[in-house]
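Text of the file protein.pdb, holding PDB, C-alpha atoms, pLDDT in the B column:
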ATOM      1  CA  GLU A   1     169.142 110.960 196.752  1.00 98.00           C
ATOM      2  CA  VAL A   2     168.692 114.147 198.744  1.00 98.00           C
ATOM      3  CA  ILE A   3     168.189 117.605 197.270  1.00 98.00           C
ATOM      4  CA  CYS A   4     168.423 120.291 199.931  1.00 98.00           C
ATOM      5  CA  GLY A   5     168.930 124.020 200.320  1.00 98.00           C
ATOM      6  CA  GLY A   6     167.086 127.153 201.320  1.00 96.00           C
ATOM      7  CA  MET A   7     163.863 128.470 199.878  1.00 94.00           C
ATOM      8  CA  PHE A   8     163.958 129.582 196.234  1.00 94.00           C
ATOM      9  CA  SER A   9     167.022 127.419 195.467  1.00 96.00           C
ATOM     10  CA  GLY A  10     165.259 125.112 192.982  1.00 94.00           C
ATOM     11  CA  LYS A  11     164.811 121.968 195.097  1.00 96.00           C
ATOM     12  CA  THR A  12     161.319 121.154 193.879  1.00 93.00           C
ATOM     13  CA  GLU A  13     162.260 121.983 190.294  1.00 95.00           C
ATOM     14  CA  GLU A  14     165.145 119.499 190.509  1.00 97.00           C
ATOM     15  CA  LEU A  15     162.925 116.852 192.118  1.00 97.00           C
ATOM     16  CA  LEU A  16     160.376 117.233 189.321  1.00 96.00           C
ATOM     17  CA  ARG A  17     163.155 117.020 186.711  1.00 96.00           C
ATOM     18  CA  ARG A  18     164.439 113.736 188.149  1.00 98.00           C
ATOM     19  CA  ILE A  19     160.960 112.219 188.308  1.00 97.00           C
ATOM     20  CA  ARG A  20     160.243 113.275 184.704  1.00 96.00           C
ATOM     21  CA  ARG A  21     163.496 111.631 183.565  1.00 98.00           C
ATOM     22  CA  ALA A  22     162.540 108.426 185.380  1.00 98.00           C
ATOM     23  CA  LYS A  23     159.211 108.444 183.525  1.00 97.00           C
ATOM     24  CA  ILE A  24     161.070 108.835 180.219  1.00 98.00           C
ATOM     25  CA  ALA A  25     163.044 105.716 181.211  1.00 98.00           C
ATOM     26  CA  ASN A  26     159.693 103.889 181.578  1.00 98.00           C
ATOM     27  CA  LEU A  27     160.095 103.481 185.340  1.00 98.00           C
ATOM     28  CA  SER A  28     157.005 103.574 187.525  1.00 98.00           C
ATOM     29  CA  THR A  29     157.029 106.763 189.608  1.00 98.00           C
ATOM     30  CA  ILE A  30     155.127 108.380 192.423  1.00 97.00           C
ATOM     31  CA  ILE A  31     155.680 111.683 194.152  1.00 97.00           C
ATOM     32  CA  PHE A  32     154.497 112.649 197.634  1.00 96.00           C
ATOM     33  CA  LYS A  33     154.055 115.855 199.564  1.00 94.00           C
ATOM     34  CA  PRO A  34     152.975 116.503 203.152  1.00 92.00           C
ATOM     35  CA  HIS A  35     149.368 117.551 203.726  1.00 89.00           C
ATOM     36  CA  ILE A  36     150.401 120.884 205.257  1.00 84.00           C
ATOM     37  CA  ASP A  37     151.962 122.105 201.982  1.00 76.00           C
ATOM     38  CA  THR A  38     149.003 123.830 200.332  1.00 67.00           C
ATOM     39  CA  ARG A  39     150.866 126.826 198.872  1.00 66.00           C
ATOM     40  CA  TYR A  40     150.075 126.389 195.183  1.00 65.00           C
ATOM     41  CA  SER A  41     147.844 123.340 194.968  1.00 68.00           C
ATOM     42  CA  ASN A  42     146.214 120.745 197.168  1.00 70.00           C
ATOM     43  CA  ASN A  43     147.001 117.800 194.885  1.00 80.00           C
ATOM     44  CA  LYS A  44     150.090 118.820 192.923  1.00 79.00           C
ATOM     45  CA  ILE A  45     153.691 119.578 193.649  1.00 81.00           C
ATOM     46  CA  VAL A  46     154.351 122.985 192.140  1.00 77.00           C
ATOM     47  CA  SER A  47     157.736 124.683 191.798  1.00 76.00           C
ATOM     48  CA  HIS A  48     158.281 128.438 192.052  1.00 73.00           C
ATOM     49  CA  ASN A  49     158.571 128.339 188.228  1.00 75.00           C
ATOM     50  CA  ASN A  50     155.022 126.917 188.127  1.00 73.00           C
ATOM     51  CA  ASN A  51     156.098 123.513 186.852  1.00 80.00           C
ATOM     52  CA  SER A  52     153.911 120.882 188.444  1.00 77.00           C
ATOM     53  CA  MET A  53     153.180 117.206 188.787  1.00 87.00           C
ATOM     54  CA  ASP A  54     150.281 115.305 190.335  1.00 86.00           C
ATOM     55  CA  SER A  55     151.167 114.135 193.818  1.00 93.00           C
ATOM     56  CA  VAL A  56     149.871 112.005 196.634  1.00 94.00           C
ATOM     57  CA  ILE A  57     149.128 113.922 199.818  1.00 93.00           C
ATOM     58  CA  ILE A  58     150.547 112.261 202.937  1.00 94.00           C
ATOM     59  CA  LYS A  59     149.219 112.737 206.468  1.00 93.00           C
ATOM     60  CA  LYS A  60     151.006 109.780 208.099  1.00 93.00           C
ATOM     61  CA  THR A  61     154.685 109.260 207.327  1.00 94.00           C
ATOM     62  CA  LYS A  62     154.238 105.459 207.275  1.00 94.00           C
ATOM     63  CA  ASP A  63     152.044 105.862 204.179  1.00 95.00           C
ATOM     64  CA  LEU A  64     155.199 106.776 202.238  1.00 96.00           C
ATOM     65  CA  PHE A  65     156.232 103.124 202.488  1.00 95.00           C
ATOM     66  CA  ASP A  66     152.792 101.546 202.239  1.00 95.00           C
ATOM     67  CA  ILE A  67     152.156 103.293 198.916  1.00 96.00           C
ATOM     68  CA  GLY A  68     155.702 103.902 197.678  1.00 96.00           C
ATOM     69  CA  ASN A  69     156.917 100.310 197.783  1.00 96.00           C
ATOM     70  CA  LYS A  70     154.846  99.541 194.676  1.00 97.00           C
ATOM     71  CA  TYR A  71     156.924 101.913 192.475  1.00 98.00           C
ATOM     72  CA  ASP A  72     160.423 101.962 190.968  1.00 98.00           C
ATOM     73  CA  VAL A  73     161.039 105.624 191.851  1.00 98.00           C
ATOM     74  CA  VAL A  74     159.667 107.449 194.887  1.00 98.00           C
ATOM     75  CA  GLY A  75     159.834 111.246 195.099  1.00 98.00           C
ATOM     76  CA  ILE A  76     159.226 113.104 198.356  1.00 97.00           C
ATOM     77  CA  ASP A  77     158.930 116.894 198.510  1.00 96.00           C
ATOM     78  CA  GLU A  78     159.167 119.076 201.635  1.00 95.00           C
ATOM     79  CA  ALA A  79     160.685 116.201 203.619  1.00 97.00           C
ATOM     80  CA  GLN A  80     161.464 118.489 206.570  1.00 96.00           C
ATOM     81  CA  PHE A  81     157.760 118.370 207.468  1.00 94.00           C
ATOM     82  CA  PHE A  82     157.693 114.581 207.968  1.00 96.00           C
ATOM     83  CA  ASN A  83     158.618 112.921 211.260  1.00 95.00           C
ATOM     84  CA  ASP A  84     161.886 111.087 211.916  1.00 96.00           C
ATOM     85  CA  SER A  85     160.489 107.740 210.752  1.00 97.00           C
ATOM     86  CA  ILE A  86     161.011 108.965 207.173  1.00 98.00           C
ATOM     87  CA  LEU A  87     164.679 107.977 207.505  1.00 98.00           C
ATOM     88  CA  GLU A  88     163.978 104.273 208.072  1.00 98.00           C
ATOM     89  CA  ILE A  89     161.276 104.306 205.407  1.00 98.00           C
ATOM     90  CA  CYS A  90     163.686 105.738 202.832  1.00 98.00           C
ATOM     91  CA  LYS A  91     166.411 103.271 203.832  1.00 98.00           C
ATOM     92  CA  THR A  92     163.987 100.342 203.579  1.00 98.00           C
ATOM     93  CA  LEU A  93     162.740 101.448 200.173  1.00 98.00           C
ATOM     94  CA  ALA A  94     166.329 101.884 198.947  1.00 97.00           C
ATOM     95  CA  SER A  95     167.265  98.419 200.233  1.00 97.00           C
ATOM     96  CA  GLN A  96     164.395  97.084 198.092  1.00 97.00           C
ATOM     97  CA  ARG A  97     166.091  98.601 195.025  1.00 97.00           C
ATOM     98  CA  LYS A  98     163.718 101.550 194.875  1.00 98.00           C
ATOM     99  CA  ARG A  99     165.174 104.880 193.817  1.00 98.00           C
ATOM    100  CA  VAL A 100     164.217 107.405 196.487  1.00 98.00           C
ATOM    101  CA  VAL A 101     164.555 111.120 195.720  1.00 98.00           C
ATOM    102  CA  VAL A 102     163.937 113.458 198.648  1.00 98.00           C
ATOM    103  CA  ALA A 103     163.802 117.266 198.585  1.00 98.00           C
ATOM    104  CA  GLY A 104     163.602 119.582 201.574  1.00 97.00           C
ATOM    105  CA  LEU A 105     164.881 122.559 203.498  1.00 97.00           C
ATOM    106  CA  ASP A 106     168.111 121.721 205.301  1.00 97.00           C
ATOM    107  CA  THR A 107     167.665 124.572 207.801  1.00 96.00           C
ATOM    108  CA  ASP A 108     164.736 126.576 209.130  1.00 95.00           C
ATOM    109  CA  TYR A 109     164.316 130.361 209.293  1.00 93.00           C
ATOM    110  CA  ARG A 110     166.667 130.468 212.295  1.00 93.00           C
ATOM    111  CA  GLY A 111     169.445 128.702 210.384  1.00 95.00           C
ATOM    112  CA  ILE A 112     168.998 125.547 212.495  1.00 94.00           C
ATOM    113  CA  PRO A 113     168.856 122.031 210.952  1.00 96.00           C
ATOM    114  CA  PHE A 114     165.243 121.249 210.097  1.00 96.00           C
ATOM    115  CA  GLY A 115     163.393 118.071 211.050  1.00 96.00           C
ATOM    116  CA  PRO A 116     164.764 114.792 209.673  1.00 97.00           C
ATOM    117  CA  MET A 117     166.812 116.484 206.936  1.00 98.00           C
ATOM    118  CA  PRO A 118     170.244 116.177 208.655  1.00 97.00           C
ATOM    119  CA  GLN A 119     169.816 112.418 209.064  1.00 98.00           C
ATOM    120  CA  LEU A 120     168.556 112.034 205.490  1.00 98.00           C
ATOM    121  CA  MET A 121     171.540 114.023 204.220  1.00 98.00           C
ATOM    122  CA  CYS A 122     173.964 111.776 206.125  1.00 97.00           C
ATOM    123  CA  GLU A 123     172.385 108.586 204.774  1.00 96.00           C
ATOM    124  CA  ALA A 124     172.095 109.774 201.159  1.00 97.00           C
ATOM    125  CA  ASP A 125     174.093 108.075 198.434  1.00 97.00           C
ATOM    126  CA  TYR A 126     173.793 111.311 196.436  1.00 97.00           C
ATOM    127  CA  LEU A 127     173.478 114.744 198.020  1.00 98.00           C
ATOM    128  CA  ASP A 128     172.929 118.042 196.247  1.00 98.00           C
ATOM    129  CA  LYS A 129     172.820 121.286 198.202  1.00 98.00           C
ATOM    130  CA  LEU A 130     171.346 123.977 196.010  1.00 98.00           C
ATOM    131  CA  ARG A 131     171.651 127.699 196.552  1.00 98.00           C
ATOM    132  CA  ALA A 132     169.423 130.594 195.610  1.00 97.00           C
ATOM    133  CA  ILE A 133     170.462 134.195 194.949  1.00 98.00           C
ATOM    134  CA  CYS A 134     170.634 136.581 197.905  1.00 98.00           C
ATOM    135  CA  VAL A 135     168.013 139.296 197.485  1.00 97.00           C
ATOM    136  CA  LYS A 136     170.235 141.791 199.332  1.00 97.00           C
ATOM    137  CA  CYS A 137     173.627 141.437 197.600  1.00 98.00           C
ATOM    138  CA  GLY A 138     173.253 138.954 194.742  1.00 98.00           C
ATOM    139  CA  ASN A 139     175.686 136.357 196.127  1.00 98.00           C
ATOM    140  CA  PRO A 140     174.794 132.657 196.380  1.00 98.00           C
ATOM    141  CA  ALA A 141     172.268 132.199 199.191  1.00 98.00           C
ATOM    142  CA  SER A 142     172.013 129.203 201.510  1.00 97.00           C
ATOM    143  CA  TYR A 143     169.710 130.731 204.112  1.00 97.00           C
ATOM    144  CA  THR A 144     165.988 131.413 204.344  1.00 95.00           C
ATOM    145  CA  GLN A 145     165.209 134.766 205.948  1.00 95.00           C
ATOM    146  CA  ARG A 146     161.721 135.051 207.428  1.00 92.00           C
ATOM    147  CA  THR A 147     160.386 138.540 206.805  1.00 92.00           C
ATOM    148  CA  SER A 148     157.168 138.138 208.786  1.00 86.00           C
ATOM    149  CA  SER A 149     156.876 138.174 212.564  1.00 84.00           C
ATOM    150  CA  ASP A 150     155.203 134.751 212.769  1.00 81.00           C
ATOM    151  CA  PRO A 151     156.791 132.924 215.748  1.00 80.00           C
ATOM    152  CA  GLY A 152     156.345 129.225 214.890  1.00 79.00           C
ATOM    153  CA  GLN A 153     158.976 127.040 213.246  1.00 81.00           C
ATOM    154  CA  VAL A 154     156.525 125.960 210.548  1.00 81.00           C
ATOM    155  CA  VAL A 155     154.920 128.905 208.772  1.00 78.00           C
ATOM    156  CA  ILE A 156     153.796 128.111 205.245  1.00 73.00           C
ATOM    157  CA  GLY A 157     154.522 130.947 202.859  1.00 72.00           C
ATOM    158  CA  GLU A 158     156.427 132.225 199.863  1.00 75.00           C
ATOM    159  CA  LEU A 159     157.791 135.627 198.901  1.00 72.00           C
ATOM    160  CA  ASP A 160     155.209 137.121 201.256  1.00 82.00           C
ATOM    161  CA  LYS A 161     157.094 135.682 204.262  1.00 88.00           C
ATOM    162  CA  TYR A 162     160.574 134.602 203.137  1.00 93.00           C
ATOM    163  CA  GLU A 163     163.660 135.766 201.251  1.00 95.00           C
ATOM    164  CA  ALA A 164     166.801 134.002 200.124  1.00 97.00           C
ATOM    165  CA  ARG A 165     169.892 135.343 201.904  1.00 98.00           C
ATOM    166  CA  CYS A 166     173.618 134.635 201.875  1.00 98.00           C
ATOM    167  CA  ARG A 167     175.523 133.999 205.093  1.00 97.00           C
ATOM    168  CA  ASN A 168     176.552 137.651 205.423  1.00 98.00           C
ATOM    169  CA  CYS A 169     173.082 139.124 204.828  1.00 98.00           C
ATOM    170  CA  PHE A 170     171.151 136.531 206.882  1.00 97.00           C
ATOM    171  CA  GLN A 171     169.932 137.809 210.260  1.00 96.00           C
ATOM    172  CA  ALA A 172     168.935 135.068 212.673  1.00 91.00           C
ATOM    173  CA  PRO A 173     165.941 136.068 214.785  1.00 88.00           C
ATOM    174  CA  ARG A 174     166.671 137.129 218.321  1.00 79.00           C
ATOM    175  CA  ALA A 175     165.715 134.709 221.057  1.00 68.00           C
ATOM    176  CA  GLY A 176     162.970 135.925 223.238  1.00 54.00           C
TER     177      GLY A 176
END

Write out the structure in this file as structure tokens.
Amino acid sequence: EVICGGMFSGKTEELLRRIRRAKIANLSTIIFKPHIDTRYSNNKIVSHNNNSMDSVIIKKTKDLFDIGNKYDVVGIDEAQFFNDSILEICKTLASQRKRVVVAGLDTDYRGIPFGPMPQLMCEADYLDKLRAICVKCGNPASYTQRTSSDPGQVVIGELDKYEARCRNCFQAPRAG
């Protein structure tokens, strides 16, 4: 299962909801996040609505399998930050009858597909693309507008560096 979309679209909230429901069904669950995501907490996944769940911090993508294969349901947040081996790990876990729920940004601040997300989206049995609300016009927003001048592809931030934008209000950064 893949949950994707731009920032502020509710991806993490939906991931947490699905993991909570699996717990209600008495399934064993685990949820992972990459070590570089330290926005709200070092050891929890936290949504913009401040809902949270204890998580396992991952530095090496292979650890997703080494730890995750012991659980019925595996949640992975911010999947765009993992390397391409996440695809085979998710496929292997799914072939072992594990439910794998992945959330991540489908595109970066330039509007370009982000990390392994396109491949994960293509392989998903279930795919949900969530949208936020454009801060400029109020229409559904699928893009993440960077409002800071930071040049790197990966810049961890929230409202201090990003806004949700619709296609018409999104302004891709100029090359240069």

Selection as a PDB file with C-alpha atoms, in the frame of the given file: residues within 6 Å of (164.5, 108.2, 194.8), counting only C-alpha atoms:
ATOM      1  CA  GLU A   1     169.142 110.960 196.752  1.00 98.00           C
ATOM      2  CA  VAL A  73     161.039 105.624 191.851  1.00 98.00           C
ATOM      3  CA  VAL A  74     159.667 107.449 194.887  1.00 98.00           C
ATOM      4  CA  GLY A  75     159.834 111.246 195.099  1.00 98.00           C
ATOM      5  CA  ARG A  99     165.174 104.880 193.817  1.00 98.00           C
ATOM      6  CA  VAL A 100     164.217 107.405 196.487  1.00 98.00           C
ATOM      7  CA  VAL A 101     164.555 111.120 195.720  1.00 98.00           C
TER       8      VAL A 101
END

Next on the checklist: Suppose a student applies the PyMOL selection byres ((chain A and resi 162) around 9) to this structure; what residues should they get, written as a PyMOL selection string?
Outcome noted: chain A and resi 7+109+144-148+157-161+163-164

Item to check | Counting only C-alpha atoms, the option among A:Arg18, A:Phe8, A:Leu130, A:Ile30 closest to Asn69 in chain A | outcome: A:Ile30

Checklist entry - When distances are computed from all atoms listed in the file, which of A:Cys4, A:Cys169, A:Val46, A:Met53 shows the smallest separation from Asp128 in chain A? => result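 That would be A:Cys4, the residue with the smallest distance to Asp128 in chain A.
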
Checklist entry - How would you write, as a PyMOL selection string, the residues chosen by the PyMOL selection byres ((chain A and resi 79-92) around 7) on this structure? => result chain A and resi 34+61+65+76-78+93-96+100+102-105+114-117+119-120

Selection to disk with C-alpha atoms, as a CSV table (one decimal), in the frame of the given file:
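File written: again31.csv
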chain,number,residue,atom,x,y,z
A,34,PRO,CA,153.0,116.5,203.2
A,61,THR,CA,154.7,109.3,207.3
A,65,PHE,CA,156.2,103.1,202.5
A,76,ILE,CA,159.2,113.1,198.4
A,77,ASP,CA,158.9,116.9,198.5
A,78,GLU,CA,159.2,119.1,201.6
A,93,LEU,CA,162.7,101.4,200.2
A,94,ALA,CA,166.3,101.9,198.9
A,95,SER,CA,167.3,98.4,200.2
A,96,GLN,CA,164.4,97.1,198.1
A,100,VAL,CA,164.2,107.4,196.5
A,102,VAL,CA,163.9,113.5,198.6
A,103,ALA,CA,163.8,117.3,198.6
A,104,GLY,CA,163.6,119.6,201.6
A,105,LEU,CA,164.9,122.6,203.5
A,114,PHE,CA,165.2,121.2,210.1
A,115,GLY,CA,163.4,118.1,211.0
A,116,PRO,CA,164.8,114.8,209.7
A,117,MET,CA,166.8,116.5,206.9
A,119,GLN,CA,169.8,112.4,209.1
A,120,LEU,CA,168.6,112.0,205.5

Next on the checklist: Between CA of Pro140 in chain A and CA of Ser9 in chain A, what distance in Å does the model show, to one decimal?
Outcome noted: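 Between these atoms lies a distance of 9.4 Å.
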
Within 12 Å of Asn26 in chain A, counting all atoms listed in the file, which residues qualify if same-chain residues fewer than 3 places away don't, as a JSON list (two decimals) with C-alpha atoms, in the coordinates of the input?
[["chain", "number", "residue", "atom", "x", "y", "z"],
["A", 19, "ILE", "CA", 160.96, 112.22, 188.31],
["A", 20, "ARG", "CA", 160.24, 113.28, 184.70],
["A", 21, "ARG", "CA", 163.50, 111.63, 183.56],
["A", 22, "ALA", "CA", 162.54, 108.43, 185.38],
["A", 23, "LYS", "CA", 159.21, 108.44, 183.52],
["A", 29, "THR", "CA", 157.03, 106.76, 189.61],
["A", 71, "TYR", "CA", 156.92, 101.91, 192.48],
["A", 72, "ASP", "CA", 160.42, 101.96, 190.97],
["A", 73, "VAL", "CA", 161.04, 105.62, 191.85]]

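For the atom pair formed by CA of Val154 in chain A and CA of Asp108 in chain A, the distance is 8.4 Å, given to one decimal.
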
Checklist entry - Residues at most 7 Å from Phe170 in chain A, counting only C-alpha atoms, excluding those fewer than 3 positions away in the same chain, as a VMD selection string? => result chain A and resid 143 145 165 to 167

Item to check | Given the PyMOL selection byres ((chain A and resi 49) around 12), the residues it picks as a PyMOL selection string | outcome: chain A and resi 8-14+16+40+45-48+50-52

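Minimum atom-to-atom distance to Pro173 in chain A, evaluated using all atoms listed in the file, belongs to A:Ile112 out of A:Ile112, A:Ile24, A:Ala141, A:Cys134.
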
Checklist entry - Out of A:Ser28, A:Thr107, A:Asn139, A:Asn43, which residue has the shortest atom-to-atom distance to Ala172 in chain A when counting all atoms listed in the file? => result A:Thr107

Checklist entry - A:Ser55, A:Gln153, A:Gln171, A:Ser142: which is nearest His35 in chain A, counting only C-alpha atoms? => result A:Ser55

Checklist entry - CA of Cys137 in chain A and CA of Val155 in chain A are how many Å apart? => result 25.1 Å
